[in-house]
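Shown next, in structure tokens, is the structure this report addresses.
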Amino acid sequence: MVFDFGGLEKPKVKGASPNPRDIFRSRPSGKAKIKELWQGQAQALDDWYKNPKQDTLISMYTGAGKTLVGVLIAQSYLLQGVRNVLYVCPTIDLIHQTVREANGIGINPTTFYQKNFSDQNFAQSKSFCVTTYQALLNTRNKFQGQNSAGAIIFDDAHVGERLVRDAFTLTIRKAKNEILYSQLAAVIKQCFQDIGQVYNFEQITSDFSSGSVGLCPPNGVYNRSHELQGVLAPHVDGDIALQLPFDYLRGHLQYCAITISKFVIEITPPFIPALHVRALEDKSVPKVFLSATVQSKGDIIRAFGRSPRVIEPDVDAGLGERLMLFGSALNKYCANVKGLQQLSGKAKVLIATPTERAAEKWDDFASPPKTADTFTQKLNEFRTSSAGAFMLLGRYDGIDLPDDDCRVMAVDGVPIGSAQLERYLFDRIKLDQTFFPRVANRFTQLFGRINRGKNDYGIYFIYSSDAENWLRNVANQAYFPKVLQEQIRLSEEFCDQLKDMSSDKIESIVTQIIERDPNWLSYYQAQIGQNPIDEKRISDREDYTKFDDELAKREANFILRLWQGDHAGALGQLEDIIDEVRMKNPRLAGWYAIWLGAANAILNRPEPMFDWFDEARNRLGGKLPLPRQEQQDVGLLQASTTVIEEGLREYCALTVPETIRKLGKFTTAADPAYGDPSHKKAEEAVRVIGAALGFESRRPDTDENDGPDNLWVDHHTKTAIPIELKTDKLDGNAINSEEVGQIYQHLEWTRTRFPDYAVPGILVYTESKTVTDSSNPSTDMFFADRAAMKLLQNTFIAAATTLSKLTPLEKYGKASEYGSAPEWQPLAIFDRLKTGSLK
């Protein structure tokens with residue numbers, strides 16, 4: 001038989017166009033469910049296609065169609081001849097969703113999950129591959145050698161920080177691996193013992209602990225890294241959840257932050273060495289980061305080690321209708337879960353909590369699914385039901401419940417991450433300012449779970465007071481997309497008018513909104529856009545987010561250089577910018593100081609190590625697990641019992657020259673309190689003085705965007721001293737009524753935040769001596785001036801100088817004696833700073 005070559009189809013003369021718009025136009029007629037590109041999608045694709053080889057962040061509102069954008073970009077790379085194009089998703093659920101989106105326009109990608117490729121087309125460069133972050137980021141991944149990625153699209157990149165960090169994190173749960181937990185805890189206990197803080201370790205790990213988290217002394221981690229690795233090695237081989245992160249951490253434990261609670265030991269780098277991941281390190285591989293709207297790309301940089309160009313289409317897709325019902329306006333409706341339990345019998349309710357502990361109270365009707373398989377099953381059942389509840393535990397992304405899939409959501413807690421290190425930074429180190437963009441982004445994600453498009457709508461119960469306070473803080477609102485800012489302000493206006501709320505009234509509000517009551521629609525349309533946020537808040541946010549982008553680059557380079565053994569190069573990354581960090585984010589400067597001290601420990605430089613650890617204690621509190629300079633012949637020391645003793649102990653281990661040097665640095669740091677024109681520098685100087693005295697000294701207005709300029713807290717006597725700076729007011733310039741109102745608000749803020757502490761009043765640090773006639777100051781507002789502050793500082797310096805001349809044992813005894821003296825008690829210090837009443 002003769003083979004008929006003439007019957008074969010001839011090769012196509014021209015290949016398909018790689019332009020994403022042309023790819024969309026060429027979709028099979030009649031098959032495609034998507035009829036046209038939205039304006040925002042088209043704009044994003046056009047801007048990307050101008051330079052497809054450049055790393056790009058495409059930021060679009062939730063529900064604005066970024067998955068289709070990503071699919072078209074992946075197909076475009078394939079048609080441009082790029083080999084091994086990857087489309088990376090956070091979850092398997094989202095793999096399936098992405099494939100459905102691609103199939104809808106006639107594209108059939110390969111998938112890879114649970115160790116299997118769906119077909120051979122990816123291996124033959126006939127399709128791109130949709131996979132998970134976990135599958136790509138582990139060291140034993142399938143995308144190496146001839147399968148190495150040629151281009152990568154990261155979907156939901158705003159959650160990348162958590163997913164990349166997971167690849168570098170060993171999590172040892174006591175309930176699951178008690179032997180390993182106990183062996184590691186024994187080594188960690190020795191690290192605390194080495195610095196005389198074993199009592200802190202025992203407080204954290206005892207059965208009676210409240211579940212608090214502690215940081216293992218970083219120099220102890222360095223000193224005992226071989227012991228830690230020796231403990232881990234025998235347990236790793238049989239547990240893939242330990243194997244994969246240990247691949248990255250092996251030989252690098254000395255650079256890690258180890259946190260411990262009575263439940264979990266977590267080992268992870270303090271910053272993510274993202275560029276140690278081969279797929280992220282290769283500059284020749286273009287990367288596209290698809291994200292919901294973000295106000296800062298700092299977290300993208302922290303996650304991926306790359307600073308991409310930003311494409312952010314200015315369109316209204318994804319701007320659905322939202323009403324937030326704040327718990328404080330609902331007459332104890334949110335005091336328990338009974339109201340929502342009753343409502344879930346009539347409507348579908350999605351409940352979001354950040355921690356297992358917060359989720360416990362919902363157990364009667366909304367327990368979180370235990371496994372990934374049951375999660376998917378229960379979620380699909382919830383989608384198709386007409387009523388009921390579903391729990392999201394520590395998840396802010398990857399769940400789409402648009403339109404009638406769900407209209408009601410309860411937010412019970414500020415969405416901090418589930419990682420133990422993040423809890424430590426949020427709860428103990430209180431890096432509030434650092435977390436502003438991240439928390440705002442997570443709230444934005446939560447609000448997008450049930451509201452996916454311009455015509456969608458939903459009602460949100462803000463259950464917990466911490467979530468309500470965060471959302472209603474005007475400065476925090478500046479970190480949200482504009483539409484969410486407006487919706488929060490509208491919700492505040494609505495809730496402020498609610499009176500005598502009952503369960504029936506609340507259910508009626510929900511029902512009327514779901515059924516599109518014309519009066520509600522009229523109210524919403526009339527209110528939205530009528531309460532714009534203060535433009536100064538916006539400009540302040542923009543200034544800080546630019547700075548945060550730079551910090552993210554520095555952090556990424558610091559840890560990468562440590563990882564590579566370039567310790568001196570690592571130091572320069574943070575040292576070069578630390579002065580600016582001290583002004584703009586003083587608590588973050590304290591966190592940096594811990595790791596600058598740790599890097600100096602690795603370099604065997606004890607003097608700068610102790611200087612940095614001293615600064616960390618100065619900024620973050622004296623109970624940090626950091627070593628102090630050793631002092632011989634003093635015996636076993638008890639913990640300090642007074643605030644001034646805490647401050648003077650910083651000098652007890654020093655020689656006379658070392659004391660003089662340290663006091664000189666203190667004087668220089670305090671100088672801006674006495675006439676520097678920069679308000680921020682004066683604030684920082686007053687903070688330095690308070691910290692030197694032994695107080696937990698903070699700058700709430702800078703750290704949290706709320707509260708007084710400075711706050712000195714003594715946890716021994718439970719006393720809090722707020723200080724408001726009016727350094728621009730000179731003698732003869734009166735404090736006006738608006739300023740008095742602000743001072744009163746900050747005094748009340750302190751009393752609210754510290755309900756069990758004595759707050760003797762508020763000090764107004766200024767050279768002014770008068771208030772305007774229209775002002776009405778309260779009797780607990782007091783002037784304080786430079787002369788009074790300088791006298792207090794000099795008296796403390798004299799005490800520290802006296803200590804330096806004594807024997808080692810006498811120094812600690814004298815510090816205790818000073819601390820017990822009546823004139824050094826916090827209320828007495830407050831009285832020494834008072835120069836007159838504003839009343």
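Simple scheme: letters A, B, ... for chains in structure tokens order, numbers from 1 for residues in each chain, numbers from 1 for ligands in the order shown.
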Could you tell me, as JSON, numbers by chain, which residues of segment 418-483 of chain A DSSP assigns to helix (DSSP H, G or I) when given the backbone?
{"A": [420, 421, 422, 423, 424, 425, 426, 427, 428, 432, 433, 434, 435, 436, 437, 438, 439, 440, 441, 442, 443, 444, 445, 446, 447, 465, 466, 467, 468, 469, 470, 471, 472, 474, 475, 476, 477, 482, 483]}
Go ahead and write the selection's residues with N, CA and C atoms as a JSON list (two decimals), in the first residue's frame.
[["chain", "number", "residue", "atom", "x", "y", "z"],
["A", 420, "GLN", "N", 3.69, 31.91, 64.10],
["A", 420, "GLN", "CA", 3.98, 32.30, 65.48],
["A", 420, "GLN", "C", 4.86, 33.55, 65.55],
["A", 421, "LEU", "N", 5.82, 33.67, 64.62],
["A", 421, "LEU", "CA", 6.67, 34.86, 64.61],
["A", 421, "LEU", "C", 5.83, 36.11, 64.39],
["A", 422, "GLU", "N", 4.86, 36.05, 63.48],
["A", 422, "GLU", "CA", 4.03, 37.22, 63.23],
["A", 422, "GLU", "C", 3.21, 37.58, 64.47],
["A", 423, "ARG", "N", 2.71, 36.57, 65.16],
["A", 423, "ARG", "CA", 1.98, 36.84, 66.41],
["A", 423, "ARG", "C", 2.88, 37.54, 67.42],
["A", 424, "TYR", "N", 4.13, 37.09, 67.50],
["A", 424, "TYR", "CA", 5.09, 37.70, 68.43],
["A", 424, "TYR", "C", 5.34, 39.16, 68.05],
["A", 425, "LEU", "N", 5.53, 39.42, 66.78],
["A", 425, "LEU", "CA", 5.78, 40.80, 66.33],
["A", 425, "LEU", "C", 4.56, 41.69, 66.56],
["A", 426, "PHE", "N", 3.38, 41.13, 66.39],
["A", 426, "PHE", "CA", 2.15, 41.91, 66.52],
["A", 426, "PHE", "C", 1.78, 42.12, 67.98],
["A", 427, "ASP", "N", 1.84, 41.05, 68.78],
["A", 427, "ASP", "CA", 1.37, 41.12, 70.17],
["A", 427, "ASP", "C", 2.44, 41.60, 71.15],
["A", 428, "ARG", "N", 3.68, 41.14, 70.97],
["A", 428, "ARG", "CA", 4.73, 41.47, 71.95],
["A", 428, "ARG", "C", 5.57, 42.66, 71.51],
["A", 432, "ASP", "N", 2.94, 47.75, 65.12],
["A", 432, "ASP", "CA", 1.67, 48.14, 64.51],
["A", 432, "ASP", "C", 1.88, 48.86, 63.18],
["A", 433, "GLN", "N", 2.78, 49.84, 63.17],
["A", 433, "GLN", "CA", 2.95, 50.65, 61.96],
["A", 433, "GLN", "C", 3.44, 49.79, 60.80],
["A", 434, "THR", "N", 4.34, 48.85, 61.09],
["A", 434, "THR", "CA", 4.85, 47.96, 60.06],
["A", 434, "THR", "C", 3.74, 47.11, 59.47],
["A", 435, "PHE", "N", 2.73, 46.79, 60.29],
["A", 435, "PHE", "CA", 1.65, 45.91, 59.85],
["A", 435, "PHE", "C", 0.48, 46.66, 59.23],
["A", 436, "PHE", "N", 0.49, 48.01, 59.27],
["A", 436, "PHE", "CA", -0.66, 48.74, 58.71],
["A", 436, "PHE", "C", -1.00, 48.29, 57.30],
["A", 437, "PRO", "N", -0.06, 48.32, 56.33],
["A", 437, "PRO", "CA", -0.42, 47.92, 54.96],
["A", 437, "PRO", "C", -0.87, 46.46, 54.89],
["A", 438, "ARG", "N", -0.19, 45.59, 55.66],
["A", 438, "ARG", "CA", -0.49, 44.16, 55.60],
["A", 438, "ARG", "C", -1.89, 43.87, 56.15],
["A", 439, "VAL", "N", -2.21, 44.46, 57.31],
["A", 439, "VAL", "CA", -3.52, 44.21, 57.92],
["A", 439, "VAL", "C", -4.63, 44.80, 57.04],
["A", 440, "ALA", "N", -4.39, 46.01, 56.49],
["A", 440, "ALA", "CA", -5.38, 46.61, 55.60],
["A", 440, "ALA", "C", -5.61, 45.72, 54.38],
["A", 441, "ASN", "N", -4.55, 45.16, 53.85],
["A", 441, "ASN", "CA", -4.67, 44.27, 52.69],
["A", 441, "ASN", "C", -5.48, 43.03, 53.05],
["A", 442, "ARG", "N", -5.26, 42.49, 54.24],
["A", 442, "ARG", "CA", -5.99, 41.29, 54.65],
["A", 442, "ARG", "C", -7.47, 41.60, 54.88],
["A", 443, "PHE", "N", -7.76, 42.74, 55.48],
["A", 443, "PHE", "CA", -9.16, 43.14, 55.61],
["A", 443, "PHE", "C", -9.79, 43.26, 54.22],
["A", 444, "THR", "N", -9.06, 43.88, 53.29],
["A", 444, "THR", "CA", -9.57, 44.03, 51.93],
["A", 444, "THR", "C", -9.88, 42.66, 51.33],
["A", 445, "GLN", "N", -9.00, 41.69, 51.57],
["A", 445, "GLN", "CA", -9.24, 40.34, 51.07],
["A", 445, "GLN", "C", -10.48, 39.72, 51.70],
["A", 446, "LEU", "N", -10.62, 39.90, 53.01],
["A", 446, "LEU", "CA", -11.80, 39.36, 53.68],
["A", 446, "LEU", "C", -13.08, 39.93, 53.09],
["A", 447, "PHE", "N", -13.08, 41.25, 52.88],
["A", 447, "PHE", "CA", -14.28, 41.89, 52.36],
["A", 447, "PHE", "C", -14.55, 41.48, 50.91],
["A", 465, "SER", "N", -14.11, 43.92, 69.14],
["A", 465, "SER", "CA", -13.78, 45.34, 69.35],
["A", 465, "SER", "C", -12.45, 45.70, 68.72],
["A", 466, "ASP", "N", -11.49, 44.76, 68.71],
["A", 466, "ASP", "CA", -10.19, 45.10, 68.11],
["A", 466, "ASP", "C", -10.33, 45.33, 66.61],
["A", 467, "ALA", "N", -11.17, 44.50, 65.94],
["A", 467, "ALA", "CA", -11.39, 44.71, 64.50],
["A", 467, "ALA", "C", -12.13, 46.02, 64.26],
["A", 468, "GLU", "N", -13.12, 46.33, 65.09],
["A", 468, "GLU", "CA", -13.85, 47.60, 64.94],
["A", 468, "GLU", "C", -12.93, 48.79, 65.15],
["A", 469, "ASN", "N", -12.12, 48.75, 66.20],
["A", 469, "ASN", "CA", -11.21, 49.88, 66.47],
["A", 469, "ASN", "C", -10.22, 50.08, 65.34],
["A", 470, "TRP", "N", -9.75, 48.97, 64.77],
["A", 470, "TRP", "CA", -8.77, 49.07, 63.67],
["A", 470, "TRP", "C", -9.42, 49.72, 62.45],
["A", 471, "LEU", "N", -10.63, 49.27, 62.13],
["A", 471, "LEU", "CA", -11.30, 49.78, 60.93],
["A", 471, "LEU", "C", -11.75, 51.23, 61.09],
["A", 472, "ARG", "N", -12.12, 51.62, 62.30],
["A", 472, "ARG", "CA", -12.65, 52.96, 62.52],
["A", 472, "ARG", "C", -11.55, 53.99, 62.81],
["A", 474, "VAL", "N", -9.13, 56.49, 61.71],
["A", 474, "VAL", "CA", -9.07, 57.25, 60.45],
["A", 474, "VAL", "C", -7.72, 57.08, 59.76],
["A", 475, "ALA", "N", -6.65, 57.05, 60.55],
["A", 475, "ALA", "CA", -5.32, 56.90, 59.95],
["A", 475, "ALA", "C", -5.17, 55.54, 59.28],
["A", 476, "ASN", "N", -5.73, 54.49, 59.88],
["A", 476, "ASN", "CA", -5.67, 53.15, 59.26],
["A", 476, "ASN", "C", -6.45, 53.11, 57.96],
["A", 477, "GLN", "N", -7.56, 53.83, 57.92],
["A", 477, "GLN", "CA", -8.42, 53.81, 56.73],
["A", 477, "GLN", "C", -7.68, 54.27, 55.49],
["A", 482, "LYS", "N", -9.78, 53.32, 47.86],
["A", 482, "LYS", "CA", -10.68, 54.45, 48.07],
["A", 482, "LYS", "C", -12.12, 54.00, 48.32],
["A", 483, "VAL", "N", -12.59, 53.02, 47.57],
["A", 483, "VAL", "CA", -13.99, 52.60, 47.73],
["A", 483, "VAL", "C", -14.23, 52.03, 49.13]]
Counting only C-alpha atoms, which residues in segment 537-571 of chain A sit no more than 8 Å from segment 250-255 of chain A? For each one, give the nearest pair of atoms and the distance in Å, sorted by chain then residue number, as a Markdown table.
| residue | atom | partner | partner_atom | distance |
| --- | --- | --- | --- | --- |
| A:Ile559 | CA | A:Tyr255 | CA | 8.0 |
| A:Leu562 | CA | A:Tyr255 | CA | 7.1 |
| A:Trp563 | CA | A:His252 | CA | 6.6 |
Using only C-alpha atoms, find each residue in segment 595-666 of chain A having at least one atom no more than 12 Å away from segment 211-235 of chain A; report its shortest atom-to-atom pair and that distance in Å (one decimal), rows by chain then rising number, as CSV.
residue,atom,partner,partner_atom,distance
A:Trp595,CA,A:Pro218,CA,7.8
A:Leu596,CA,A:Pro218,CA,10.4
A:Gly597,CA,A:Asn219,CA,8.3
A:Ala598,CA,A:Asn219,CA,5.7
A:Ala599,CA,A:Asn219,CA,8.8
A:Asn600,CA,A:Asn219,CA,9.4
A:Ala601,CA,A:Asn219,CA,6.3
A:Ile602,CA,A:Tyr222,CA,7.0
A:Leu603,CA,A:Tyr222,CA,10.7
A:Asn604,CA,A:Asn219,CA,10.5
A:Arg605,CA,A:Asn219,CA,11.8
A:Pro606,CA,A:Asn219,CA,10.8
A:Met609,CA,A:Asn219,CA,9.4
A:Phe610,CA,A:Asn219,CA,10.8
A:Phe613,CA,A:Pro218,CA,10.2
A:Lys623,CA,A:Gly214,CA,10.5
A:Leu624,CA,A:Leu215,CA,8.1
A:Pro625,CA,A:Pro217,CA,5.1
A:Leu626,CA,A:Pro217,CA,5.6
A:Pro627,CA,A:Pro217,CA,7.7
A:Arg628,CA,A:Asn219,CA,11.3
Print the selection's residues with N, CA, C and O atoms to a file, as a JSON list (two decimals), in the first residue's frame.
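Written out: out17.json:
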[["chain", "number", "residue", "atom", "x", "y", "z"],
["A", 595, "TRP", "N", 18.62, 42.24, 65.35],
["A", 595, "TRP", "CA", 19.32, 41.44, 64.34],
["A", 595, "TRP", "C", 20.65, 42.03, 63.94],
["A", 595, "TRP", "O", 21.56, 41.29, 63.52],
["A", 596, "LEU", "N", 20.82, 43.33, 64.12],
["A", 596, "LEU", "CA", 22.15, 43.91, 63.98],
["A", 596, "LEU", "C", 23.05, 43.42, 65.11],
["A", 596, "LEU", "O", 24.24, 43.13, 64.91],
["A", 597, "GLY", "N", 22.48, 43.31, 66.31],
["A", 597, "GLY", "CA", 23.25, 42.74, 67.42],
["A", 597, "GLY", "C", 23.60, 41.29, 67.16],
["A", 597, "GLY", "O", 24.73, 40.85, 67.42],
["A", 598, "ALA", "N", 22.65, 40.52, 66.63],
["A", 598, "ALA", "CA", 22.90, 39.11, 66.34],
["A", 598, "ALA", "C", 23.99, 38.95, 65.28],
["A", 598, "ALA", "O", 24.86, 38.06, 65.38],
["A", 599, "ALA", "N", 23.97, 39.81, 64.25],
["A", 599, "ALA", "CA", 25.00, 39.74, 63.21],
["A", 599, "ALA", "C", 26.38, 40.06, 63.78],
["A", 599, "ALA", "O", 27.38, 39.45, 63.40],
["A", 600, "ASN", "N", 26.43, 41.02, 64.71],
["A", 600, "ASN", "CA", 27.72, 41.34, 65.36],
["A", 600, "ASN", "C", 28.17, 40.19, 66.26],
["A", 600, "ASN", "O", 29.38, 39.96, 66.40],
["A", 601, "ALA", "N", 27.23, 39.47, 66.86],
["A", 601, "ALA", "CA", 27.60, 38.30, 67.66],
["A", 601, "ALA", "C", 28.27, 37.25, 66.77],
["A", 601, "ALA", "O", 29.28, 36.64, 67.16],
["A", 602, "ILE", "N", 27.73, 37.05, 65.57],
["A", 602, "ILE", "CA", 28.30, 36.09, 64.63],
["A", 602, "ILE", "C", 29.72, 36.51, 64.23],
["A", 602, "ILE", "O", 30.60, 35.69, 64.03],
["A", 603, "LEU", "N", 29.93, 37.83, 64.12],
["A", 603, "LEU", "CA", 31.25, 38.36, 63.76],
["A", 603, "LEU", "C", 32.17, 38.48, 64.96],
["A", 603, "LEU", "O", 33.30, 38.98, 64.84],
["A", 604, "ASN", "N", 31.69, 38.03, 66.14],
["A", 604, "ASN", "CA", 32.47, 38.09, 67.38],
["A", 604, "ASN", "C", 32.91, 39.53, 67.70],
["A", 604, "ASN", "O", 34.05, 39.80, 68.03],
["A", 605, "ARG", "N", 31.95, 40.45, 67.60],
["A", 605, "ARG", "CA", 32.18, 41.85, 67.95],
["A", 605, "ARG", "C", 31.31, 42.19, 69.16],
["A", 605, "ARG", "O", 30.18, 42.69, 69.01],
["A", 606, "PRO", "N", 31.78, 41.92, 70.37],
["A", 606, "PRO", "CA", 30.91, 42.06, 71.54],
["A", 606, "PRO", "C", 30.46, 43.49, 71.82],
["A", 606, "PRO", "O", 29.32, 43.71, 72.23],
["A", 609, "MET", "N", 27.70, 44.51, 69.54],
["A", 609, "MET", "CA", 26.58, 43.61, 69.83],
["A", 609, "MET", "C", 25.80, 44.12, 71.04],
["A", 609, "MET", "O", 24.56, 44.23, 71.00],
["A", 610, "PHE", "N", 26.50, 44.43, 72.12],
["A", 610, "PHE", "CA", 25.81, 44.90, 73.32],
["A", 610, "PHE", "C", 25.16, 46.26, 73.08],
["A", 610, "PHE", "O", 24.07, 46.54, 73.61],
["A", 613, "PHE", "N", 21.93, 45.51, 71.26],
["A", 613, "PHE", "CA", 20.96, 44.87, 72.16],
["A", 613, "PHE", "C", 20.43, 45.88, 73.18],
["A", 613, "PHE", "O", 19.25, 45.84, 73.55],
["A", 623, "LYS", "N", 12.43, 43.56, 79.06],
["A", 623, "LYS", "CA", 12.28, 42.12, 79.26],
["A", 623, "LYS", "C", 12.65, 41.30, 78.03],
["A", 623, "LYS", "O", 12.46, 40.08, 78.03],
["A", 624, "LEU", "N", 13.17, 41.93, 77.01],
["A", 624, "LEU", "CA", 13.60, 41.18, 75.83],
["A", 624, "LEU", "C", 14.67, 40.16, 76.22],
["A", 624, "LEU", "O", 15.53, 40.45, 77.06],
["A", 625, "PRO", "N", 14.66, 38.98, 75.62],
["A", 625, "PRO", "CA", 15.65, 37.95, 75.97],
["A", 625, "PRO", "C", 16.99, 38.20, 75.29],
["A", 625, "PRO", "O", 17.40, 37.49, 74.37],
["A", 626, "LEU", "N", 17.67, 39.24, 75.73],
["A", 626, "LEU", "CA", 18.94, 39.63, 75.14],
["A", 626, "LEU", "C", 20.00, 39.70, 76.24],
["A", 626, "LEU", "O", 19.70, 40.11, 77.36],
["A", 627, "PRO", "N", 21.23, 39.32, 75.93],
["A", 627, "PRO", "CA", 22.28, 39.35, 76.96],
["A", 627, "PRO", "C", 22.69, 40.78, 77.30],
["A", 627, "PRO", "O", 22.60, 41.68, 76.48],
["A", 628, "ARG", "N", 23.09, 40.95, 78.54],
["A", 628, "ARG", "CA", 23.72, 42.20, 78.98],
["A", 628, "ARG", "C", 25.20, 41.92, 79.16],
["A", 628, "ARG", "O", 25.63, 40.77, 79.28]]
Counting only C-alpha atoms, the option among A:Lys681, A:Ile578, A:Leu693, A:Ala478 closest to Glu542 of chain A:
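Nearest to Glu542 of chain A: A:Ala478.
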I'd like the contact shell of Asp55 of chain A - 6 Å cut-off, only C-alpha atoms, skipping same-chain residues fewer than 2 positions apart - returned as a PyMOL selection string.
chain A and resi 286-288+308
Leaving out Lys662 of chain A and any residue of its chain fewer than 2 positions from it, which residues lie within 12 Å of it when counting only C-alpha atoms, given as a PyMOL selection string?
chain A and resi 607-608+610-612+614-615+648+650-660+664-669+692+797+800-801+804
Would you list the contacts of Arg786 of chain A as a list in words, taking every protein, DNA or RNA residue within 7 Å and counting only C-alpha atoms, but skipping same-chain residues closer than 3 positions in sequence?
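Here the qualifying residues turn out to be Tyr674, Met789 and Lys790 of chain A.
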Could you save those same residues with N, CA and C atoms as a PDB file, in the first residue's frame?
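Once written, part_29.pdb looks like this:
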ATOM      1  N   TYR A 674      15.431  69.390  73.259  1.00  0.00           N
ATOM      2  CA  TYR A 674      15.654  70.723  73.817  1.00  0.00           C
ATOM      3  C   TYR A 674      15.813  71.789  72.747  1.00  0.00           C
ATOM      4  N   MET A 789      12.578  68.817  82.086  1.00  0.00           N
ATOM      5  CA  MET A 789      13.032  67.562  81.472  1.00  0.00           C
ATOM      6  C   MET A 789      14.547  67.432  81.571  1.00  0.00           C
ATOM      7  N   LYS A 790      15.248  68.544  81.339  1.00  0.00           N
ATOM      8  CA  LYS A 790      16.710  68.521  81.396  1.00  0.00           C
ATOM      9  C   LYS A 790      17.195  68.220  82.809  1.00  0.00           C
TER      10      LYS A 790
END
Within 6 Å of segment 279-285 of chain A using only C-alpha atoms, minus same-chain residues under 3 positions, as a count of residues only
3
Interatomic distance between atom CA of Tyr744 of chain A and atom CA of Ile762 of chain A?
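Result for atom CA of Tyr744 of chain A versus atom CA of Ile762 of chain A: 8.4 Å, one decimal.
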